[in-house]
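Here the structure comes first, spelled out in structure tokens, and everything after it is commentary.
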Amino acid sequence: MIHIATWKRVLVILVCVLGIVYAVPNLLPQDQVDEWSESLPSWMPVNQINLGLDLQGGSHLLLRVDYQSVIAERMEGIADEIRTQFRQEDIGFTGLEVGTDGVALTVRDPAQAETAAELIRAMDESVAVSVGEEGALSVAYTEAAVAEVQNNSVIQSIEIIRRRIDAFGTTEPIIQRQGDDRIVVQVPGAEDPEQIKNRLTTTARLTFHLIDQSTTVAEAQAGQVPAGSELLPSRELNEAGEPAGYYVVRRRVMVSGDTLTDAQPTFDQNNTPAVSFRFDSTGARRFADTTSENVGGLLAIVLDDEVISAPRINSPILGGQGIIEGGGFTVESANELAVLLRAGALPADIEVLEERTVGPGLGQDSIDAGQVAAVIGLVLVVVFMILVYGLFGVFAVIALAFNLAIIIAALTALQATLTLPGIAGIVLTVGMAVDANVLIFERIREEVRNGRSPISAIDAGYNRAFTTIVDSNLTTLIAAILLFSMGAGPVRGFSVTLSIGILSSMFTAIMVTRLFVVTWLLRTRPKVLNV
């Protein structure tokens, strides 16, 4: 253990230097770091540790994905398909009702019930059709299909939420699934929590429908809504905060918003804020067919069951591009809608179950408290090591400084998010960092008392303490790995810093301190070892 190969010396020095270089940006103001990043080469480290929600403030939301709304919507589609197919096959039916979990109807001729059931099964293989007495049919999704809808809805919602949050330009948002139908969203540094909540919970489902001109709004409000149509409010509000008007809209979606490829805020010919959009090839073809076949009719642009506008189709629109105007947009609302449309519509409604906002002042208090705890712990450790072990204690303290630099550098390089429990992990590491040195130094003392020479005592101390150091740190590391794999949020932050701290402590205690001790030993050649 006394002889240290040259490559090991170079490796220790290189790791320590890199630790300092990567840690330095965290000691500087953000403005100065930004200036450095513009002038320094791209390979130079200019990143800082990302602070978590509890340190820099922000928003915490617990969301629930209402996958039942997806099932209900699909059941509406199945009901429309039943109407169409049964008319084509001349199958009479009555009492068609659509519920949140299925469709119920009665075939007038019970002899046709099995044929009707087979037709429905052919429409969607994931539904189960039950045939009851006197031609009664019940249609519902199987348990496997419901589970698949639920899982897909949550996965798609997470991806769309991530896209929407990315538009804020925030750093290191935490978006993760919790349970079967819940999503945890944490956005550190959010300046407007209400805007985030509104952006995440807005479904932003854009569809294009034809206006049903076979009836009037007054008749529809009186309950005389034609089959296959529905009464929808205008998105614009009057002075009383109520919809400025209503429209009778055909349920059939002519063009869906999921075929959009881009949406941008713009201004119309009257210099009023509007939103331009562009379809992909499929959407462009459908939009062209719809406008070509319905010249003179009204096309309703519907966003989340509210009509933004209903312009008249004066001529076919063949370019796959259009503009949404007349929706009472402001510059901010037009930009917000464009962001939502670009990110895509949520597959299901989102409900906010829990909302917490952490102010940056509280986060700063947490940082200050963490810094005080770290400084107190560090000072106590330094004083103890120097008083008890003298020069060797000084070597251990210097190694401890490198240890902290390496921990901060590792968190910076990994762009890990530092939370308050993470600071607790660092503080704990400060206390644990000298454990290995204590084991080594006490072993060296024991060897000196047994009459060994300084070189022999140091060699035996490092050799015999090595196994104990590895065993003690390995058990703690296993615990930290289990915390990371089974925990979530703050628990993971604690386990990450603890794991990095353990590895760094072992390196600095076994390699860095040893390098100092061996270098001093070979240069001074002491006759007596005072440890």
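By order of appearance in the structure tokens: chains A, B, ..., then residues from 1 within every chain, and ligands from 1 in the order shown.
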
Legend entry - Residue contacts of A:Ile301 (9 Å, only C-alpha atoms) excluding same-chain residues fewer than 4 positions away, as an NGL selection string: :A and (206-210 or 306-311 or 324)

Inset, instruction - Write down as an MDAnalysis selection string the residues belonging to stretch 204-256 of chain A that are assigned strand (DSSP E) by DSSP computed on the backbone. - result: chainID A and resid 206:210 229:233 246:250 255:256

Legend entry - Near-stretch 238-248 of chain A list (7 Å; only C-alpha atoms; drop same-chain fewer than 2 positions) as a PyMOL selection string: chain A and resi 211-212+217+229-236+250

Only C-alpha atoms, please: the residues just picked out, written as a compact mmCIF listing (two decimals), in the first residue's frame.
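In the end it all went to out00.txt:
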# COMPACT_ATOMS: atom_id res chain seq x y z
CA ILE A 211 -73.32 23.18 -38.62
CA ASP A 212 -76.75 21.48 -38.72
CA VAL A 217 -80.94 27.18 -32.05
CA SER A 229 -76.41 16.62 -33.67
CA GLU A 230 -75.81 18.49 -30.42
CA LEU A 231 -76.12 21.99 -29.03
CA LEU A 232 -72.75 23.60 -28.22
CA PRO A 233 -72.03 27.01 -26.68
CA SER A 234 -69.82 29.67 -28.18
CA ARG A 235 -66.38 30.11 -26.67
CA GLU A 236 -66.87 33.86 -26.61
CA ARG A 250 -73.38 17.68 -36.19

Inset, instruction - Identify, on the basis of only C-alpha atoms, every residue whose closest approach to A:Ile13 does not exceed 10 Å; exclude the query and any residue fewer than 6 positions from it along the same chain; express the result as a count of residues only. - result: 5

Legend entry - Pairwise distance for atom CA of A:Phe277 and atom CA of A:Gln195, rounded to one decimal in Å: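 Computing it gives 22.9 Å between the two atoms.
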
Inset, instruction - Could you check which of A:Ser472, A:Tyr22, A:Leu11, A:Leu400 is closest to A:Val379, using only C-alpha atoms? - result: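 Among the listed residues, A:Leu400 lies closest to A:Val379.
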
Test item: residues at most 6 Å from stretch 170-186 of chain A, only C-alpha atoms, excluding those fewer than 3 positions along its chain, as a PDB file with all heavy atoms, in the first residue's frame:
ATOM      1  N   SER A  59     -44.362  24.665  -8.624  1.00  0.00           N
ATOM      2  CA  SER A  59     -45.695  24.066  -8.499  1.00  0.00           C
ATOM      3  C   SER A  59     -45.616  22.555  -8.411  1.00  0.00           C
ATOM      4  O   SER A  59     -44.800  21.924  -9.092  1.00  0.00           O
ATOM      5  CB  SER A  59     -46.571  24.459  -9.696  1.00  0.00           C
ATOM      6  OG  SER A  59     -46.907  25.821  -9.646  1.00  0.00           O
ATOM      7  N   HIS A  60     -46.474  22.003  -7.569  1.00  0.00           N
ATOM      8  CA  HIS A  60     -46.637  20.550  -7.444  1.00  0.00           C
ATOM      9  C   HIS A  60     -48.107  20.239  -7.695  1.00  0.00           C
ATOM     10  O   HIS A  60     -48.995  20.779  -7.033  1.00  0.00           O
ATOM     11  CB  HIS A  60     -46.228  20.084  -6.050  1.00  0.00           C
ATOM     12  CG  HIS A  60     -46.609  18.653  -5.760  1.00  0.00           C
ATOM     13  ND1 HIS A  60     -45.713  17.614  -5.864  1.00  0.00           N
ATOM     14  CD2 HIS A  60     -47.786  18.096  -5.388  1.00  0.00           C
ATOM     15  CE1 HIS A  60     -46.327  16.477  -5.557  1.00  0.00           C
ATOM     16  NE2 HIS A  60     -47.597  16.754  -5.259  1.00  0.00           N
ATOM     17  N   LEU A  61     -48.363  19.384  -8.667  1.00  0.00           N
ATOM     18  CA  LEU A  61     -49.731  19.005  -9.006  1.00  0.00           C
ATOM     19  C   LEU A  61     -49.861  17.494  -9.019  1.00  0.00           C
ATOM     20  O   LEU A  61     -48.986  16.791  -9.538  1.00  0.00           O
ATOM     21  CB  LEU A  61     -50.127  19.553 -10.388  1.00  0.00           C
ATOM     22  CG  LEU A  61     -50.172  21.075 -10.562  1.00  0.00           C
ATOM     23  CD1 LEU A  61     -50.387  21.422 -12.033  1.00  0.00           C
ATOM     24  CD2 LEU A  61     -51.272  21.688  -9.718  1.00  0.00           C
ATOM     25  N   LEU A  62     -50.938  17.006  -8.442  1.00  0.00           N
ATOM     26  CA  LEU A  62     -51.300  15.596  -8.551  1.00  0.00           C
ATOM     27  C   LEU A  62     -52.552  15.528  -9.422  1.00  0.00           C
ATOM     28  O   LEU A  62     -53.603  16.066  -9.059  1.00  0.00           O
ATOM     29  CB  LEU A  62     -51.562  14.985  -7.173  1.00  0.00           C
ATOM     30  CG  LEU A  62     -52.023  13.518  -7.178  1.00  0.00           C
ATOM     31  CD1 LEU A  62     -50.954  12.623  -7.798  1.00  0.00           C
ATOM     32  CD2 LEU A  62     -52.351  13.048  -5.767  1.00  0.00           C
ATOM     33  N   LEU A  63     -52.423  14.907 -10.579  1.00  0.00           N
ATOM     34  CA  LEU A  63     -53.494  14.882 -11.569  1.00  0.00           C
ATOM     35  C   LEU A  63     -54.084  13.483 -11.682  1.00  0.00           C
ATOM     36  O   LEU A  63     -53.395  12.483 -11.482  1.00  0.00           O
ATOM     37  CB  LEU A  63     -52.964  15.323 -12.937  1.00  0.00           C
ATOM     38  CG  LEU A  63     -52.157  16.624 -12.980  1.00  0.00           C
ATOM     39  CD1 LEU A  63     -51.609  16.857 -14.380  1.00  0.00           C
ATOM     40  CD2 LEU A  63     -53.021  17.808 -12.548  1.00  0.00           C
ATOM     41  N   ARG A  64     -55.365  13.426 -12.015  1.00  0.00           N
ATOM     42  CA  ARG A  64     -56.015  12.142 -12.286  1.00  0.00           C
ATOM     43  C   ARG A  64     -56.518  12.141 -13.718  1.00  0.00           C
ATOM     44  O   ARG A  64     -57.175  13.084 -14.163  1.00  0.00           O
ATOM     45  CB  ARG A  64     -57.193  11.906 -11.341  1.00  0.00           C
ATOM     46  CG  ARG A  64     -57.813  10.511 -11.475  1.00  0.00           C
ATOM     47  CD  ARG A  64     -58.952  10.318 -10.501  1.00  0.00           C
ATOM     48  NE  ARG A  64     -60.123  11.079 -10.893  1.00  0.00           N
ATOM     49  CZ  ARG A  64     -61.048  10.644 -11.753  1.00  0.00           C
ATOM     50  NH1 ARG A  64     -60.921   9.454 -12.317  1.00  0.00           N
ATOM     51  NH2 ARG A  64     -62.084  11.395 -12.045  1.00  0.00           N
ATOM     52  N   VAL A  65     -56.200  11.074 -14.435  1.00  0.00           N
ATOM     53  CA  VAL A  65     -56.624  10.932 -15.828  1.00  0.00           C
ATOM     54  C   VAL A  65     -57.990  10.241 -15.839  1.00  0.00           C
ATOM     55  O   VAL A  65     -58.129   9.100 -15.389  1.00  0.00           O
ATOM     56  CB  VAL A  65     -55.601  10.109 -16.635  1.00  0.00           C
ATOM     57  CG1 VAL A  65     -56.061   9.961 -18.081  1.00  0.00           C
ATOM     58  CG2 VAL A  65     -54.232  10.764 -16.574  1.00  0.00           C
TER      59      VAL A  65
END

Inset, instruction - Excluding A:Val131 and residues on its chain fewer than 3 positions from it, collect all residues at most 8 Å away from it, counting only C-alpha atoms, and give them as a PyMOL selection string. - result: chain A and resi 113-114+117+135-138

Inset, instruction - Using only C-alpha atoms, find the one residue out of A:Ala288, A:Leu474, A:Val139, A:Ala128 that sits nearest to A:Ile82. - result: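 Closest residue, counting only C-alpha atoms: A:Val139.
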
What lies within 12 Å of A:Val127 using only C-alpha atoms, ignoring chain neighbours under 4 positions off, as a PDB file with all heavy atoms, in the first residue's frame?
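Output file result12.pdb follows:
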ATOM      1  N   ILE A  71     -63.582   6.054 -22.725  1.00  0.00           N
ATOM      2  CA  ILE A  71     -64.482   4.924 -22.998  1.00  0.00           C
ATOM      3  C   ILE A  71     -65.852   5.436 -23.426  1.00  0.00           C
ATOM      4  O   ILE A  71     -66.455   4.918 -24.384  1.00  0.00           O
ATOM      5  CB  ILE A  71     -64.586   4.030 -21.747  1.00  0.00           C
ATOM      6  CG1 ILE A  71     -63.234   3.384 -21.455  1.00  0.00           C
ATOM      7  CG2 ILE A  71     -65.659   2.964 -21.934  1.00  0.00           C
ATOM      8  CD1 ILE A  71     -63.201   2.557 -20.192  1.00  0.00           C
ATOM      9  N   ARG A  74     -65.709   6.637 -26.969  1.00  0.00           N
ATOM     10  CA  ARG A  74     -65.662   5.527 -27.920  1.00  0.00           C
ATOM     11  C   ARG A  74     -67.021   4.842 -28.027  1.00  0.00           C
ATOM     12  O   ARG A  74     -67.398   4.356 -29.096  1.00  0.00           O
ATOM     13  CB  ARG A  74     -64.589   4.532 -27.502  1.00  0.00           C
ATOM     14  CG  ARG A  74     -63.183   5.092 -27.605  1.00  0.00           C
ATOM     15  CD  ARG A  74     -62.127   4.032 -27.379  1.00  0.00           C
ATOM     16  NE  ARG A  74     -60.784   4.579 -27.464  1.00  0.00           N
ATOM     17  CZ  ARG A  74     -59.679   3.868 -27.362  1.00  0.00           C
ATOM     18  NH1 ARG A  74     -59.768   2.556 -27.168  1.00  0.00           N
ATOM     19  NH2 ARG A  74     -58.495   4.439 -27.448  1.00  0.00           N
ATOM     20  N   MET A  75     -67.753   4.779 -26.919  1.00  0.00           N
ATOM     21  CA  MET A  75     -69.089   4.191 -26.958  1.00  0.00           C
ATOM     22  C   MET A  75     -70.027   5.031 -27.824  1.00  0.00           C
ATOM     23  O   MET A  75     -70.903   4.502 -28.498  1.00  0.00           O
ATOM     24  CB  MET A  75     -69.639   4.060 -25.534  1.00  0.00           C
ATOM     25  CG  MET A  75     -69.015   2.914 -24.753  1.00  0.00           C
ATOM     26  SD  MET A  75     -69.295   1.321 -25.586  1.00  0.00           S
ATOM     27  CE  MET A  75     -68.132   0.268 -24.727  1.00  0.00           C
ATOM     28  N   ILE A  78     -69.292   3.965 -31.264  1.00  0.00           N
ATOM     29  CA  ILE A  78     -69.893   2.656 -31.552  1.00  0.00           C
ATOM     30  C   ILE A  78     -71.388   2.814 -31.789  1.00  0.00           C
ATOM     31  O   ILE A  78     -71.974   2.171 -32.694  1.00  0.00           O
ATOM     32  CB  ILE A  78     -69.606   1.678 -30.395  1.00  0.00           C
ATOM     33  CG1 ILE A  78     -68.125   1.314 -30.373  1.00  0.00           C
ATOM     34  CG2 ILE A  78     -70.463   0.413 -30.524  1.00  0.00           C
ATOM     35  CD1 ILE A  78     -67.723   0.431 -29.211  1.00  0.00           C
ATOM     36  N   ASP A 101     -70.358   3.416 -19.466  1.00  0.00           N
ATOM     37  CA  ASP A 101     -69.629   2.153 -19.555  1.00  0.00           C
ATOM     38  C   ASP A 101     -70.134   1.216 -20.631  1.00  0.00           C
ATOM     39  O   ASP A 101     -69.659   0.077 -20.738  1.00  0.00           O
ATOM     40  CB  ASP A 101     -69.672   1.427 -18.208  1.00  0.00           C
ATOM     41  CG  ASP A 101     -71.111   1.199 -17.737  1.00  0.00           C
ATOM     42  OD1 ASP A 101     -72.035   1.727 -18.399  1.00  0.00           O
ATOM     43  OD2 ASP A 101     -71.302   0.506 -16.725  1.00  0.00           O
ATOM     44  N   GLY A 102     -71.080   1.649 -21.448  1.00  0.00           N
ATOM     45  CA  GLY A 102     -71.564   0.746 -22.483  1.00  0.00           C
ATOM     46  C   GLY A 102     -72.742   1.293 -23.246  1.00  0.00           C
ATOM     47  O   GLY A 102     -73.206   2.422 -23.025  1.00  0.00           O
ATOM     48  N   VAL A 103     -73.227   0.473 -24.178  1.00  0.00           N
ATOM     49  CA  VAL A 103     -74.365   0.816 -25.031  1.00  0.00           C
ATOM     50  C   VAL A 103     -75.437  -0.251 -24.848  1.00  0.00           C
ATOM     51  O   VAL A 103     -75.126  -1.443 -24.794  1.00  0.00           O
ATOM     52  CB  VAL A 103     -73.947   0.897 -26.517  1.00  0.00           C
ATOM     53  CG1 VAL A 103     -75.150   1.181 -27.412  1.00  0.00           C
ATOM     54  CG2 VAL A 103     -72.877   1.959 -26.709  1.00  0.00           C
ATOM     55  N   ALA A 117     -75.579  -8.851 -32.999  1.00  0.00           N
ATOM     56  CA  ALA A 117     -74.438  -8.958 -32.088  1.00  0.00           C
ATOM     57  C   ALA A 117     -73.142  -9.191 -32.848  1.00  0.00           C
ATOM     58  O   ALA A 117     -72.095  -8.618 -32.519  1.00  0.00           O
ATOM     59  CB  ALA A 117     -74.682 -10.084 -31.084  1.00  0.00           C
ATOM     60  N   GLU A 118     -73.165 -10.038 -33.876  1.00  0.00           N
ATOM     61  CA  GLU A 118     -71.979 -10.294 -34.681  1.00  0.00           C
ATOM     62  C   GLU A 118     -71.522  -9.040 -35.413  1.00  0.00           C
ATOM     63  O   GLU A 118     -70.316  -8.786 -35.552  1.00  0.00           O
ATOM     64  CB  GLU A 118     -72.254 -11.419 -35.684  1.00  0.00           C
ATOM     65  CG  GLU A 118     -72.375 -12.792 -35.056  1.00  0.00           C
ATOM     66  CD  GLU A 118     -71.103 -13.178 -34.317  1.00  0.00           C
ATOM     67  OE1 GLU A 118     -69.999 -12.852 -34.798  1.00  0.00           O
ATOM     68  OE2 GLU A 118     -71.220 -13.802 -33.241  1.00  0.00           O
ATOM     69  N   LEU A 119     -72.495  -8.236 -35.889  1.00  0.00           N
ATOM     70  CA  LEU A 119     -72.134  -6.981 -36.556  1.00  0.00           C
ATOM     71  C   LEU A 119     -71.395  -6.044 -35.598  1.00  0.00           C
ATOM     72  O   LEU A 119     -70.391  -5.415 -35.953  1.00  0.00           O
ATOM     73  CB  LEU A 119     -73.401  -6.278 -37.071  1.00  0.00           C
ATOM     74  CG  LEU A 119     -73.918  -6.690 -38.448  1.00  0.00           C
ATOM     75  CD1 LEU A 119     -75.235  -5.985 -38.739  1.00  0.00           C
ATOM     76  CD2 LEU A 119     -72.897  -6.360 -39.530  1.00  0.00           C
ATOM     77  N   ILE A 120     -71.884  -5.976 -34.368  1.00  0.00           N
ATOM     78  CA  ILE A 120     -71.253  -5.086 -33.382  1.00  0.00           C
ATOM     79  C   ILE A 120     -69.853  -5.586 -33.026  1.00  0.00           C
ATOM     80  O   ILE A 120     -68.906  -4.798 -32.902  1.00  0.00           O
ATOM     81  CB  ILE A 120     -72.133  -4.986 -32.116  1.00  0.00           C
ATOM     82  CG1 ILE A 120     -73.475  -4.347 -32.464  1.00  0.00           C
ATOM     83  CG2 ILE A 120     -71.430  -4.169 -31.036  1.00  0.00           C
ATOM     84  CD1 ILE A 120     -74.471  -4.345 -31.322  1.00  0.00           C
ATOM     85  N   ARG A 121     -69.710  -6.898 -32.867  1.00  0.00           N
ATOM     86  CA  ARG A 121     -68.388  -7.453 -32.547  1.00  0.00           C
ATOM     87  C   ARG A 121     -67.391  -7.160 -33.666  1.00  0.00           C
ATOM     88  O   ARG A 121     -66.196  -6.963 -33.420  1.00  0.00           O
ATOM     89  CB  ARG A 121     -68.493  -8.960 -32.318  1.00  0.00           C
ATOM     90  CG  ARG A 121     -69.284  -9.342 -31.072  1.00  0.00           C
ATOM     91  CD  ARG A 121     -69.181 -10.822 -30.786  1.00  0.00           C
ATOM     92  NE  ARG A 121     -70.061 -11.223 -29.686  1.00  0.00           N
ATOM     93  CZ  ARG A 121     -71.222 -11.823 -29.832  1.00  0.00           C
ATOM     94  NH1 ARG A 121     -71.660 -12.135 -31.055  1.00  0.00           N
ATOM     95  NH2 ARG A 121     -71.961 -12.143 -28.777  1.00  0.00           N
ATOM     96  N   ALA A 122     -67.876  -7.170 -34.915  1.00  0.00           N
ATOM     97  CA  ALA A 122     -67.002  -6.882 -36.053  1.00  0.00           C
ATOM     98  C   ALA A 122     -66.568  -5.416 -36.076  1.00  0.00           C
ATOM     99  O   ALA A 122     -65.510  -5.081 -36.615  1.00  0.00           O
ATOM    100  CB  ALA A 122     -67.703  -7.237 -37.357  1.00  0.00           C
ATOM    101  N   MET A 123     -67.390  -4.535 -35.494  1.00  0.00           N
ATOM    102  CA  MET A 123     -67.034  -3.108 -35.445  1.00  0.00           C
ATOM    103  C   MET A 123     -65.821  -2.875 -34.556  1.00  0.00           C
ATOM    104  O   MET A 123     -64.945  -2.071 -34.856  1.00  0.00           O
ATOM    105  CB  MET A 123     -68.212  -2.280 -34.901  1.00  0.00           C
ATOM    106  CG  MET A 123     -69.448  -2.282 -35.761  1.00  0.00           C
ATOM    107  SD  MET A 123     -70.790  -1.402 -34.910  1.00  0.00           S
ATOM    108  CE  MET A 123     -72.186  -1.864 -35.947  1.00  0.00           C
ATOM    109  N   SER A 138     -76.544  -5.725 -24.968  1.00  0.00           N
ATOM    110  CA  SER A 138     -75.716  -4.899 -24.082  1.00  0.00           C
ATOM    111  C   SER A 138     -74.278  -4.949 -24.582  1.00  0.00           C
ATOM    112  O   SER A 138     -73.714  -6.025 -24.758  1.00  0.00           O
ATOM    113  CB  SER A 138     -75.795  -5.417 -22.640  1.00  0.00           C
ATOM    114  OG  SER A 138     -74.953  -4.668 -21.796  1.00  0.00           O
ATOM    115  N   VAL A 139     -73.682  -3.772 -24.827  1.00  0.00           N
ATOM    116  CA  VAL A 139     -72.336  -3.669 -25.390  1.00  0.00           C
ATOM    117  C   VAL A 139     -71.423  -2.973 -24.369  1.00  0.00           C
ATOM    118  O   VAL A 139     -71.759  -1.903 -23.862  1.00  0.00           O
ATOM    119  CB  VAL A 139     -72.338  -2.866 -26.707  1.00  0.00           C
ATOM    120  CG1 VAL A 139     -70.948  -2.845 -27.326  1.00  0.00           C
ATOM    121  CG2 VAL A 139     -73.360  -3.438 -27.681  1.00  0.00           C
ATOM    122  N   ALA A 140     -70.294  -3.601 -24.063  1.00  0.00           N
ATOM    123  CA  ALA A 140     -69.336  -3.013 -23.118  1.00  0.00           C
ATOM    124  C   ALA A 140     -67.945  -3.519 -23.438  1.00  0.00           C
ATOM    125  O   ALA A 140     -67.774  -4.582 -24.052  1.00  0.00           O
ATOM    126  CB  ALA A 140     -69.710  -3.355 -21.673  1.00  0.00           C
ATOM    127  N   TYR A 141     -66.938  -2.756 -23.030  1.00  0.00           N
ATOM    128  CA  TYR A 141     -65.555  -3.185 -23.222  1.00  0.00           C
ATOM    129  C   TYR A 141     -65.210  -4.308 -22.244  1.00  0.00           C
ATOM    130  O   TYR A 141     -65.711  -4.345 -21.110  1.00  0.00           O
ATOM    131  CB  TYR A 141     -64.590  -2.021 -23.005  1.00  0.00           C
ATOM    132  CG  TYR A 141     -64.395  -1.145 -24.225  1.00  0.00           C
ATOM    133  CD1 TYR A 141     -64.770   0.189 -24.208  1.00  0.00           C
ATOM    134  CD2 TYR A 141     -63.823  -1.664 -25.377  1.00  0.00           C
ATOM    135  CE1 TYR A 141     -64.584   0.989 -25.321  1.00  0.00           C
ATOM    136  CE2 TYR A 141     -63.636  -0.878 -26.488  1.00  0.00           C
ATOM    137  CZ  TYR A 141     -64.015   0.452 -26.465  1.00  0.00           C
ATOM    138  OH  TYR A 141     -63.830   1.228 -27.565  1.00  0.00           O
ATOM    139  N   THR A 142     -64.349  -5.203 -22.656  1.00  0.00           N
ATOM    140  CA  THR A 142     -63.854  -6.251 -21.762  1.00  0.00           C
ATOM    141  C   THR A 142     -62.918  -5.626 -20.726  1.00  0.00           C
ATOM    142  O   THR A 142     -62.449  -4.499 -20.893  1.00  0.00           O
ATOM    143  CB  THR A 142     -63.101  -7.326 -22.550  1.00  0.00           C
ATOM    144  OG1 THR A 142     -61.954  -6.726 -23.177  1.00  0.00           O
ATOM    145  CG2 THR A 142     -63.997  -7.944 -23.623  1.00  0.00           C
ATOM    146  N   GLU A 143     -62.633  -6.363 -19.656  1.00  0.00           N
ATOM    147  CA  GLU A 143     -61.730  -5.854 -18.616  1.00  0.00           C
ATOM    148  C   GLU A 143     -60.345  -5.568 -19.182  1.00  0.00           C
ATOM    149  O   GLU A 143     -59.701  -4.576 -18.815  1.00  0.00           O
ATOM    150  CB  GLU A 143     -61.632  -6.864 -17.471  1.00  0.00           C
ATOM    151  CG  GLU A 143     -62.905  -7.003 -16.647  1.00  0.00           C
ATOM    152  CD  GLU A 143     -62.706  -7.921 -15.454  1.00  0.00           C
ATOM    153  OE1 GLU A 143     -61.549  -8.341 -15.221  1.00  0.00           O
ATOM    154  OE2 GLU A 143     -63.683  -8.207 -14.751  1.00  0.00           O
ATOM    155  N   ALA A 144     -59.891  -6.446 -20.077  1.00  0.00           N
ATOM    156  CA  ALA A 144     -58.572  -6.241 -20.691  1.00  0.00           C
ATOM    157  C   ALA A 144     -58.564  -4.968 -21.534  1.00  0.00           C
ATOM    158  O   ALA A 144     -57.585  -4.211 -21.528  1.00  0.00           O
ATOM    159  CB  ALA A 144     -58.191  -7.448 -21.540  1.00  0.00           C
ATOM    160  N   ALA A 145     -59.658  -4.711 -22.249  1.00  0.00           N
ATOM    161  CA  ALA A 145     -59.732  -3.512 -23.085  1.00  0.00           C
ATOM    162  C   ALA A 145     -59.779  -2.253 -22.228  1.00  0.00           C
ATOM    163  O   ALA A 145     -59.144  -1.242 -22.553  1.00  0.00           O
ATOM    164  CB  ALA A 145     -60.965  -3.578 -23.978  1.00  0.00           C
ATOM    165  N   VAL A 146     -60.517  -2.311 -21.106  1.00  0.00           N
ATOM    166  CA  VAL A 146     -60.575  -1.153 -20.207  1.00  0.00           C
ATOM    167  C   VAL A 146     -59.196  -0.866 -19.627  1.00  0.00           C
ATOM    168  O   VAL A 146     -58.768   0.297 -19.546  1.00  0.00           O
ATOM    169  CB  VAL A 146     -61.594  -1.412 -19.074  1.00  0.00           C
ATOM    170  CG1 VAL A 146     -61.492  -0.320 -18.014  1.00  0.00           C
ATOM    171  CG2 VAL A 146     -63.011  -1.469 -19.627  1.00  0.00           C
TER     172      VAL A 146
END

Inset, instruction - Using DSSP on the backbone coordinates, identify the residues of stretch 238-459 of chain A assigned to helix (DSSP H, G or I); present them as a PyMOL selection string. - result: chain A and resi 257-259+281-293+331-343+360-414+420-433+435-449+454-459

Inset, instruction - Give the answer as one residue: which of A:Leu378, A:Leu404, A:Ala147, A:Leu51 has the shortest atom-to-atom distance to A:Leu420, using only C-alpha atoms? - result: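 Under the stated criterion, the closest residue is A:Leu51.
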